[in-house]
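S.K.: The structure file model21.tsv (TSV, N, CA and C atoms) is provided below.
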```tsv
chain	number	residue	atom	x	y	z
A	21	MET	N	81.60	47.26	178.25
A	21	MET	CA	81.46	45.86	178.61
A	21	MET	C	80.00	45.45	178.48
A	22	LYS	N	79.76	44.29	177.92
A	22	LYS	CA	78.41	43.78	177.74
A	22	LYS	C	77.92	43.13	179.04
A	23	PRO	N	76.60	43.05	179.21
A	23	PRO	CA	76.04	42.45	180.42
A	23	PRO	C	76.39	40.97	180.54
A	24	LYS	N	76.35	40.49	181.76
A	24	LYS	CA	76.62	39.08	182.03
A	24	LYS	C	75.46	38.22	181.54
A	25	ILE	N	75.79	37.12	180.93
A	25	ILE	CA	74.81	36.17	180.40
A	25	ILE	C	74.79	34.96	181.31
A	26	SER	N	73.62	34.56	181.80
A	26	SER	CA	73.49	33.40	182.69
A	26	SER	C	73.70	32.11	181.90
A	27	SER	N	73.85	31.00	182.62
A	27	SER	CA	74.04	29.69	181.97
A	27	SER	C	72.86	29.35	181.06
A	28	ALA	N	71.65	29.58	181.53
A	28	ALA	CA	70.47	29.29	180.72
A	28	ALA	C	70.44	30.19	179.49
A	29	GLU	N	70.80	31.45	179.67
A	29	GLU	CA	70.82	32.38	178.54
A	29	GLU	C	71.88	31.98	177.51
A	30	TRP	N	72.98	31.38	177.97
A	30	TRP	CA	74.00	30.89	177.04
A	30	TRP	C	73.41	29.84	176.10
A	31	GLU	N	72.58	28.94	176.64
A	31	GLU	CA	71.96	27.92	175.79
A	31	GLU	C	71.10	28.56	174.72
A	32	VAL	N	70.34	29.57	175.10
A	32	VAL	CA	69.50	30.28	174.15
A	32	VAL	C	70.37	31.02	173.14
A	33	MET	N	71.40	31.70	173.62
A	33	MET	CA	72.29	32.45	172.71
A	33	MET	C	72.98	31.50	171.72
A	34	ASN	N	73.39	30.32	172.18
A	34	ASN	CA	74.02	29.37	171.26
A	34	ASN	C	73.09	29.01	170.12
A	35	ALA	N	71.79	28.85	170.42
A	35	ALA	CA	70.81	28.55	169.37
A	35	ALA	C	70.66	29.74	168.43
A	36	VAL	N	70.67	30.94	168.96
A	36	VAL	CA	70.55	32.15	168.12
A	36	VAL	C	71.80	32.31	167.26
A	37	TRP	N	72.98	32.18	167.87
A	37	TRP	CA	74.23	32.33	167.12
A	37	TRP	C	74.31	31.33	165.96
A	38	ALA	N	73.82	30.12	166.19
A	38	ALA	CA	73.92	29.07	165.18
A	38	ALA	C	72.96	29.27	164.01
A	39	ARG	N	71.85	30.00	164.23
A	39	ARG	CA	70.80	29.99	163.22
A	39	ARG	C	70.23	31.35	162.84
A	40	HIS	N	70.77	32.43	163.34
A	40	HIS	CA	70.12	33.73	163.20
A	40	HIS	C	69.99	34.19	161.75
A	41	PRO	N	68.97	35.00	161.45
A	41	PRO	CA	67.87	35.42	162.32
A	41	PRO	C	66.94	34.23	162.61
A	42	VAL	N	66.31	34.28	163.78
A	42	VAL	CA	65.56	33.12	164.25
A	42	VAL	C	64.34	33.57	165.06
A	43	THR	N	63.28	32.78	164.99
A	43	THR	CA	62.09	33.06	165.79
A	43	THR	C	62.21	32.35	167.13
A	44	ALA	N	61.35	32.71	168.06
A	44	ALA	CA	61.35	32.05	169.37
A	44	ALA	C	61.05	30.56	169.24
A	45	ALA	N	60.13	30.21	168.35
A	45	ALA	CA	59.80	28.79	168.14
A	45	ALA	C	61.01	28.02	167.60
A	46	GLU	N	61.78	28.66	166.71
A	46	GLU	CA	62.97	28.01	166.17
A	46	GLU	C	64.04	27.85	167.24
A	47	VAL	N	64.17	28.83	168.12
A	47	VAL	CA	65.11	28.71	169.24
A	47	VAL	C	64.70	27.54	170.11
A	48	PHE	N	63.44	27.48	170.46
A	48	PHE	CA	62.91	26.39	171.30
A	48	PHE	C	63.21	25.03	170.67
A	49	ALA	N	62.96	24.89	169.39
A	49	ALA	CA	63.20	23.62	168.68
A	49	ALA	C	64.68	23.27	168.61
A	50	ALA	N	65.55	24.27	168.63
A	50	ALA	CA	66.99	24.04	168.48
A	50	ALA	C	67.69	23.71	169.79
A	51	LEU	N	67.01	23.88	170.91
A	51	LEU	CA	67.65	23.61	172.21
A	51	LEU	C	67.95	22.13	172.36
A	52	PRO	N	68.99	21.80	173.13
A	52	PRO	CA	69.36	20.40	173.31
A	52	PRO	C	68.22	19.56	173.87
A	53	ALA	N	68.16	18.32	173.43
A	53	ALA	CA	67.15	17.39	173.95
A	53	ALA	C	67.29	17.27	175.46
A	54	GLY	N	66.18	17.15	176.12
A	54	GLY	CA	66.22	16.96	177.57
A	54	GLY	C	66.04	18.22	178.38
A	55	HIS	N	66.03	19.40	177.71
A	55	HIS	CA	65.80	20.61	178.49
A	55	HIS	C	64.34	20.60	178.93
A	56	ALA	N	64.08	21.15	180.10
A	56	ALA	CA	62.74	21.07	180.67
A	56	ALA	C	61.99	22.40	180.55
A	57	TRP	N	62.38	23.24	179.60
A	57	TRP	CA	61.76	24.55	179.48
A	57	TRP	C	60.55	24.49	178.57
A	58	ALA	N	59.55	25.28	178.92
A	58	ALA	CA	58.41	25.48	178.05
A	58	ALA	C	58.74	26.61	177.08
A	59	GLN	N	57.96	26.73	176.03
A	59	GLN	CA	58.17	27.81	175.07
A	59	GLN	C	58.12	29.17	175.76
A	60	LYS	N	57.23	29.32	176.74
A	60	LYS	CA	57.10	30.59	177.46
A	60	LYS	C	58.40	30.95	178.19
A	61	THR	N	59.09	29.95	178.72
A	61	THR	CA	60.36	30.18	179.41
A	61	THR	C	61.41	30.68	178.42
A	62	VAL	N	61.46	30.07	177.25
A	62	VAL	CA	62.40	30.51	176.21
A	62	VAL	C	62.08	31.94	175.80
A	63	ASN	N	60.80	32.25	175.66
A	63	ASN	CA	60.39	33.62	175.32
A	63	ASN	C	60.89	34.61	176.38
A	64	THR	N	60.82	34.22	177.66
A	64	THR	CA	61.30	35.07	178.75
A	64	THR	C	62.80	35.30	178.63
A	65	PHE	N	63.56	34.24	178.36
A	65	PHE	CA	65.01	34.38	178.18
A	65	PHE	C	65.32	35.31	177.01
A	66	LEU	N	64.60	35.15	175.91
A	66	LEU	CA	64.82	36.01	174.75
A	66	LEU	C	64.53	37.47	175.10
A	67	ALA	N	63.45	37.71	175.82
A	67	ALA	CA	63.12	39.08	176.23
A	67	ALA	C	64.21	39.66	177.12
A	68	ARG	N	64.73	38.87	178.05
A	68	ARG	CA	65.82	39.33	178.92
A	68	ARG	C	67.07	39.68	178.12
A	69	LEU	N	67.38	38.85	177.14
A	69	LEU	CA	68.57	39.09	176.32
A	69	LEU	C	68.40	40.33	175.46
A	70	VAL	N	67.18	40.62	175.04
A	70	VAL	CA	66.91	41.88	174.33
A	70	VAL	C	67.12	43.05	175.29
A	71	GLU	N	66.58	42.94	176.52
A	71	GLU	CA	66.73	43.99	177.52
A	71	GLU	C	68.20	44.24	177.86
A	72	LYS	N	69.00	43.17	177.88
A	72	LYS	CA	70.43	43.30	178.19
A	72	LYS	C	71.23	43.87	177.02
A	73	GLY	N	70.60	43.96	175.86
A	73	GLY	CA	71.29	44.52	174.71
A	73	GLY	C	72.18	43.55	173.95
A	74	VAL	N	71.96	42.25	174.14
A	74	VAL	CA	72.77	41.27	173.42
A	74	VAL	C	72.01	40.67	172.23
A	75	LEU	N	70.70	40.89	172.19
A	75	LEU	CA	69.87	40.48	171.06
A	75	LEU	C	69.07	41.68	170.58
A	76	LYS	N	68.75	41.68	169.30
A	76	LYS	CA	67.78	42.65	168.80
A	76	LYS	C	66.59	41.86	168.30
A	77	VAL	N	65.44	42.49	168.37
A	77	VAL	CA	64.22	41.86	167.90
A	77	VAL	C	63.57	42.75	166.85
A	78	THR	N	63.15	42.12	165.77
A	78	THR	CA	62.40	42.82	164.73
A	78	THR	C	61.10	42.05	164.52
A	79	LYS	N	60.15	42.71	163.92
A	79	LYS	CA	58.85	42.08	163.67
A	79	LYS	C	58.76	41.63	162.22
A	80	ASP	N	58.26	40.43	162.03
A	80	ASP	CA	57.89	39.92	160.71
A	80	ASP	C	56.41	39.60	160.81
A	81	GLY	N	55.58	40.59	160.46
A	81	GLY	CA	54.14	40.47	160.75
A	81	GLY	C	53.96	40.58	162.25
A	82	ASN	N	53.40	39.55	162.86
A	82	ASN	CA	53.26	39.57	164.32
A	82	ASN	C	54.21	38.57	165.00
A	83	ILE	N	55.25	38.18	164.28
A	83	ILE	CA	56.24	37.23	164.82
A	83	ILE	C	57.54	37.98	165.11
A	84	ASN	N	58.09	37.74	166.32
A	84	ASN	CA	59.39	38.31	166.69
A	84	ASN	C	60.50	37.50	166.04
A	85	VAL	N	61.46	38.21	165.48
A	85	VAL	CA	62.64	37.59	164.87
A	85	VAL	C	63.87	38.15	165.58
A	86	TYR	N	64.73	37.25	166.07
A	86	TYR	CA	65.87	37.63	166.90
A	86	TYR	C	67.18	37.48	166.15
A	87	SER	N	68.06	38.45	166.38
A	87	SER	CA	69.43	38.43	165.83
A	87	SER	C	70.38	38.89	166.92
A	88	PRO	N	71.61	38.35	166.94
A	88	PRO	CA	72.56	38.76	167.97
A	88	PRO	C	73.14	40.15	167.73
A	89	LEU	N	73.29	40.91	168.78
A	89	LEU	CA	74.05	42.16	168.76
A	89	LEU	C	75.46	41.91	169.30
A	90	LEU	N	75.62	40.80	169.99
A	90	LEU	CA	76.90	40.38	170.57
A	90	LEU	C	77.39	39.18	169.77
A	91	ARG	N	78.60	39.29	169.23
A	91	ARG	CA	79.18	38.14	168.53
A	91	ARG	C	79.56	37.07	169.55
A	92	ARG	N	79.50	35.83	169.13
A	92	ARG	CA	79.83	34.72	170.03
A	92	ARG	C	81.23	34.90	170.62
A	93	GLU	N	82.18	35.31	169.78
A	93	GLU	CA	83.56	35.50	170.22
A	93	GLU	C	83.65	36.54	171.33
A	94	GLN	N	82.83	37.59	171.24
A	94	GLN	CA	82.80	38.61	172.28
A	94	GLN	C	82.27	38.04	173.59
A	95	GLY	N	81.21	37.26	173.50
A	95	GLY	CA	80.63	36.64	174.69
A	95	GLY	C	81.59	35.66	175.34
A	96	VAL	N	82.26	34.87	174.53
A	96	VAL	CA	83.24	33.89	175.06
A	96	VAL	C	84.39	34.62	175.74
A	97	ALA	N	84.89	35.68	175.11
A	97	ALA	CA	86.01	36.43	175.70
A	97	ALA	C	85.61	37.03	177.04
A	98	GLN	N	84.43	37.61	177.09
A	98	GLN	CA	83.95	38.22	178.34
A	98	GLN	C	83.76	37.17	179.42
A	99	GLU	N	83.12	36.07	179.07
A	99	GLU	CA	82.86	35.01	180.05
A	99	GLU	C	84.17	34.40	180.53
A	100	SER	N	85.14	34.25	179.63
A	100	SER	CA	86.45	33.70	180.00
A	100	SER	C	87.16	34.61	181.01
A	101	ARG	N	87.11	35.92	180.76
A	101	ARG	CA	87.73	36.86	181.70
A	101	ARG	C	87.08	36.78	183.07
A	102	HIS	N	85.74	36.74	183.09
A	102	HIS	CA	85.02	36.64	184.37
A	102	HIS	C	85.41	35.35	185.11
A	103	PHE	N	85.42	34.23	184.38
A	103	PHE	CA	85.76	32.94	184.99
A	103	PHE	C	87.18	32.95	185.53
A	104	MET	N	88.12	33.43	184.72
A	104	MET	CA	89.52	33.46	185.15
A	104	MET	C	89.68	34.33	186.40
A	105	GLN	N	89.01	35.46	186.43
A	105	GLN	CA	89.10	36.35	187.59
A	105	GLN	C	88.46	35.71	188.82
A	106	ARG	N	87.28	35.13	188.64
A	106	ARG	CA	86.53	34.57	189.77
A	106	ARG	C	87.20	33.32	190.36
A	107	VAL	N	87.65	32.42	189.49
A	107	VAL	CA	88.14	31.12	189.97
A	107	VAL	C	89.65	31.10	190.16
A	108	PHE	N	90.39	31.82	189.31
A	108	PHE	CA	91.85	31.76	189.35
A	108	PHE	C	92.47	33.11	189.71
A	109	GLN	N	91.68	34.00	190.30
A	109	GLN	CA	92.13	35.33	190.71
A	109	GLN	C	92.88	36.05	189.58
A	110	GLY	N	92.46	35.82	188.35
A	110	GLY	CA	93.03	36.52	187.21
A	110	GLY	C	94.29	35.89	186.63
A	111	ALA	N	94.76	34.80	187.20
A	111	ALA	CA	96.02	34.18	186.75
A	111	ALA	C	95.76	33.19	185.61
A	112	ALA	N	96.30	33.48	184.45
A	112	ALA	CA	96.08	32.64	183.27
A	112	ALA	C	96.86	31.32	183.34
A	113	GLY	N	98.08	31.36	183.86
A	113	GLY	CA	98.91	30.16	183.91
A	113	GLY	C	98.24	29.00	184.63
A	114	PRO	N	97.81	29.19	185.89
A	114	PRO	CA	97.14	28.09	186.60
A	114	PRO	C	95.87	27.62	185.89
A	115	LEU	N	95.15	28.53	185.27
A	115	LEU	CA	93.95	28.15	184.53
A	115	LEU	C	94.31	27.21	183.39
A	116	LEU	N	95.32	27.58	182.60
A	116	LEU	CA	95.74	26.76	181.47
A	116	LEU	C	96.25	25.39	181.93
A	117	VAL	N	97.06	25.39	182.98
A	117	VAL	CA	97.57	24.12	183.51
A	117	VAL	C	96.42	23.23	183.94
A	118	HIS	N	95.47	23.80	184.66
A	118	HIS	CA	94.31	23.03	185.14
A	118	HIS	C	93.57	22.38	183.97
A	119	PHE	N	93.24	23.19	182.96
A	119	PHE	CA	92.46	22.65	181.85
A	119	PHE	C	93.25	21.65	181.02
A	120	CYS	N	94.54	21.88	180.86
A	120	CYS	CA	95.36	20.90	180.13
A	120	CYS	C	95.43	19.57	180.87
A	121	GLU	N	95.51	19.63	182.19
A	121	GLU	CA	95.55	18.40	182.99
A	121	GLU	C	94.20	17.67	182.96
A	122	GLN	N	93.12	18.40	182.92
A	122	GLN	CA	91.78	17.81	183.01
A	122	GLN	C	91.21	17.35	181.67
A	123	ALA	N	91.62	17.99	180.59
A	123	ALA	CA	91.00	17.76	179.28
A	123	ALA	C	91.67	16.61	178.54
A	124	THR	N	90.88	15.95	177.71
A	124	THR	CA	91.41	15.00	176.74
A	124	THR	C	91.64	15.79	175.46
A	125	LEU	N	92.90	15.87	175.04
A	125	LEU	CA	93.26	16.69	173.89
A	125	LEU	C	93.71	15.81	172.73
A	126	SER	N	93.28	16.19	171.53
A	126	SER	CA	93.72	15.47	170.33
A	126	SER	C	95.16	15.90	170.02
A	127	LYS	N	95.81	15.16	169.15
A	127	LYS	CA	97.17	15.53	168.72
A	127	LYS	C	97.16	16.92	168.08
A	128	GLU	N	96.12	17.21	167.32
A	128	GLU	CA	96.02	18.51	166.66
A	128	GLU	C	95.88	19.63	167.70
A	129	GLU	N	95.09	19.39	168.72
A	129	GLU	CA	94.92	20.41	169.77
A	129	GLU	C	96.21	20.63	170.54
A	130	ILE	N	96.93	19.55	170.82
A	130	ILE	CA	98.22	19.67	171.51
A	130	ILE	C	99.20	20.46	170.65
A	131	GLN	N	99.22	20.17	169.36
A	131	GLN	CA	100.11	20.89	168.45
A	131	GLN	C	99.74	22.37	168.40
A	132	GLU	N	98.46	22.67	168.37
A	132	GLU	CA	97.99	24.06	168.35
A	132	GLU	C	98.43	24.79	169.62
A	133	LEU	N	98.31	24.12	170.76
A	133	LEU	CA	98.76	24.73	172.02
A	133	LEU	C	100.27	24.95	172.02
A	134	GLN	N	101.02	23.96	171.54
A	134	GLN	CA	102.48	24.10	171.48
A	134	GLN	C	102.86	25.26	170.57
A	135	ASP	N	102.20	25.38	169.42
A	135	ASP	CA	102.49	26.48	168.49
A	135	ASP	C	102.17	27.83	169.14
A	136	LEU	N	101.06	27.90	169.84
A	136	LEU	CA	100.67	29.14	170.51
A	136	LEU	C	101.68	29.51	171.59
A	137	LEU	N	102.12	28.54	172.38
A	137	LEU	CA	103.09	28.81	173.45
A	137	LEU	C	104.44	29.24	172.86
A	138	ARG	N	104.86	28.61	171.77
A	138	ARG	CA	106.10	29.03	171.11
A	138	ARG	C	106.00	30.47	170.63
A	139	LYS	N	104.88	30.80	170.05
A	139	LYS	CA	104.64	32.17	169.57
A	139	LYS	C	104.66	33.15	170.73
A	140	LYS	N	104.02	32.78	171.84
A	140	LYS	CA	104.02	33.65	173.03
A	140	LYS	C	105.42	33.84	173.58
A	141	LYS	N	106.23	32.79	173.44
A	141	LYS	CA	107.60	32.83	173.94
A	141	LYS	C	108.51	33.62	173.00
A	142	GLY	N	108.05	33.83	171.78
A	142	GLY	CA	108.83	34.63	170.84
A	142	GLY	C	109.58	33.83	169.81
A	143	ARG	N	109.33	32.52	169.75
A	143	ARG	CA	109.97	31.68	168.75
A	143	ARG	C	108.94	31.24	167.72
A	144	LYS	N	109.43	30.95	166.54
A	144	LYS	CA	108.54	30.46	165.46
A	144	LYS	C	108.40	29.01	165.51
```
Transcribe the structure of this file into structure tokens.
M.R.:
Amino acid sequence: MKPKISSAEWEVMNAVWARHPVTAAEVFAALPAGHAWAQKTVNTFLARLVEKGVLKVTKDGNINVYSPLLRREQGVAQESRHFMQRVFQGAAGPLLVHFCEQATLSKEEIQELQDLLRKKKGRK
């Protein structure tokens, strides 16, 4: 199991996943507008993610270049399991019902959910 990634680290990881390999300055520039972090803060997050084993760092001259060791899909799956366990005591049904009731879904998303549920039920 990979280490837990904090909310702030998720923002940094999203920038890395979208653009890797990437420098710290490129991560900083890619963060959403309105974040209040300094470049030094982003550097700290990157160092933590390297320590946690979810990023690797290589040198290009004297510049650090970051690449993910954890695929986004792996991080999402892990975070989803943690959330489901923490908030819904591991029960997938109530979680799905909650999100379906709360979310605005397109016709395509509704169709995708219906297809998935039919498949889970054993029908085509």
S.K.: With DSSP run on the backbone, what are the strand (DSSP E or B) residues within stretch 22-115 of chain A? I'd like them as a list in words.
M.R.: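 Selection result, strand (DSSP E or B) within stretch 22-115 of chain A: Val42, Thr43, Leu75, Lys76, Val77, Thr78, Lys79, Asp80, Ile83, Asn84, Val85, Tyr86, Ser87 and Pro88 of chain A.
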S.K.: Which is closer to A:Val74 than all the others in A:Met33, A:Leu51, A:Leu136, A:Val107, using only C-alpha atoms?
M.R.: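 Of all the options, A:Met33 lies closest to A:Val74.
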S.K.: For the atom pair atom C of A:Val32 and atom CA of A:Val47, what is the interatomic distance in Å to one decimal place?
M.R.: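 For atom C of A:Val32 relative to atom CA of A:Val47, the distance reads 6.9 Å.
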S.K.: Quick one: distance from atom C of A:Lys79 to atom C of A:Thr64 in Å, one decimal?
M.R.: 18.0 Å
S.K.: With the input short on atoms, add N, CA, C and O atoms back to stretch 72-88 of chain A and write it as a short mmCIF file (atom, residue, chain, number, x, y, z; two decimals), in the frame of the given file.
M.R.:
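Output contents, as saved in out07.cif:
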```
data_model
loop_
_atom_site.label_atom_id
_atom_site.label_comp_id
_atom_site.auth_asym_id
_atom_site.auth_seq_id
_atom_site.Cartn_x
_atom_site.Cartn_y
_atom_site.Cartn_z
N LYS A 72 69.00 43.17 177.88
CA LYS A 72 70.43 43.30 178.19
C LYS A 72 71.23 43.87 177.02
O LYS A 72 72.41 44.17 177.18
N GLY A 73 70.60 43.96 175.86
CA GLY A 73 71.29 44.52 174.71
C GLY A 73 72.18 43.55 173.95
O GLY A 73 73.04 43.98 173.19
N VAL A 74 71.96 42.25 174.14
CA VAL A 74 72.77 41.27 173.42
C VAL A 74 72.01 40.67 172.23
O VAL A 74 72.62 40.02 171.38
N LEU A 75 70.70 40.89 172.19
CA LEU A 75 69.87 40.48 171.06
C LEU A 75 69.07 41.68 170.58
O LEU A 75 68.73 42.56 171.38
N LYS A 76 68.75 41.68 169.30
CA LYS A 76 67.78 42.65 168.80
C LYS A 76 66.59 41.86 168.30
O LYS A 76 66.72 40.70 167.87
N VAL A 77 65.44 42.49 168.37
CA VAL A 77 64.22 41.86 167.90
C VAL A 77 63.57 42.75 166.85
O VAL A 77 63.54 43.97 167.01
N THR A 78 63.15 42.12 165.77
CA THR A 78 62.40 42.82 164.73
C THR A 78 61.10 42.05 164.52
O THR A 78 60.98 40.88 164.91
N LYS A 79 60.15 42.71 163.92
CA LYS A 79 58.85 42.08 163.67
C LYS A 79 58.76 41.63 162.22
O LYS A 79 59.15 42.35 161.30
N ASP A 80 58.26 40.43 162.03
CA ASP A 80 57.89 39.92 160.71
C ASP A 80 56.41 39.60 160.81
O ASP A 80 56.03 38.51 161.26
N GLY A 81 55.58 40.59 160.46
CA GLY A 81 54.14 40.47 160.75
C GLY A 81 53.96 40.58 162.25
O GLY A 81 54.39 41.56 162.85
N ASN A 82 53.40 39.55 162.86
CA ASN A 82 53.26 39.57 164.32
C ASN A 82 54.21 38.57 165.00
O ASN A 82 54.01 38.19 166.14
N ILE A 83 55.25 38.18 164.28
CA ILE A 83 56.24 37.23 164.82
C ILE A 83 57.54 37.98 165.11
O ILE A 83 58.02 38.75 164.28
N ASN A 84 58.09 37.74 166.32
CA ASN A 84 59.39 38.31 166.69
C ASN A 84 60.50 37.50 166.04
O ASN A 84 60.50 36.27 166.09
N VAL A 85 61.46 38.21 165.48
CA VAL A 85 62.64 37.59 164.87
C VAL A 85 63.87 38.15 165.58
O VAL A 85 64.02 39.37 165.70
N TYR A 86 64.73 37.25 166.07
CA TYR A 86 65.87 37.63 166.90
C TYR A 86 67.18 37.48 166.15
O TYR A 86 67.39 36.51 165.42
N SER A 87 68.06 38.45 166.38
CA SER A 87 69.43 38.43 165.83
C SER A 87 70.38 38.89 166.92
O SER A 87 70.02 39.74 167.75
N PRO A 88 71.61 38.35 166.94
CA PRO A 88 72.56 38.76 167.97
C PRO A 88 73.14 40.15 167.73
O PRO A 88 73.40 40.52 166.59
#
```
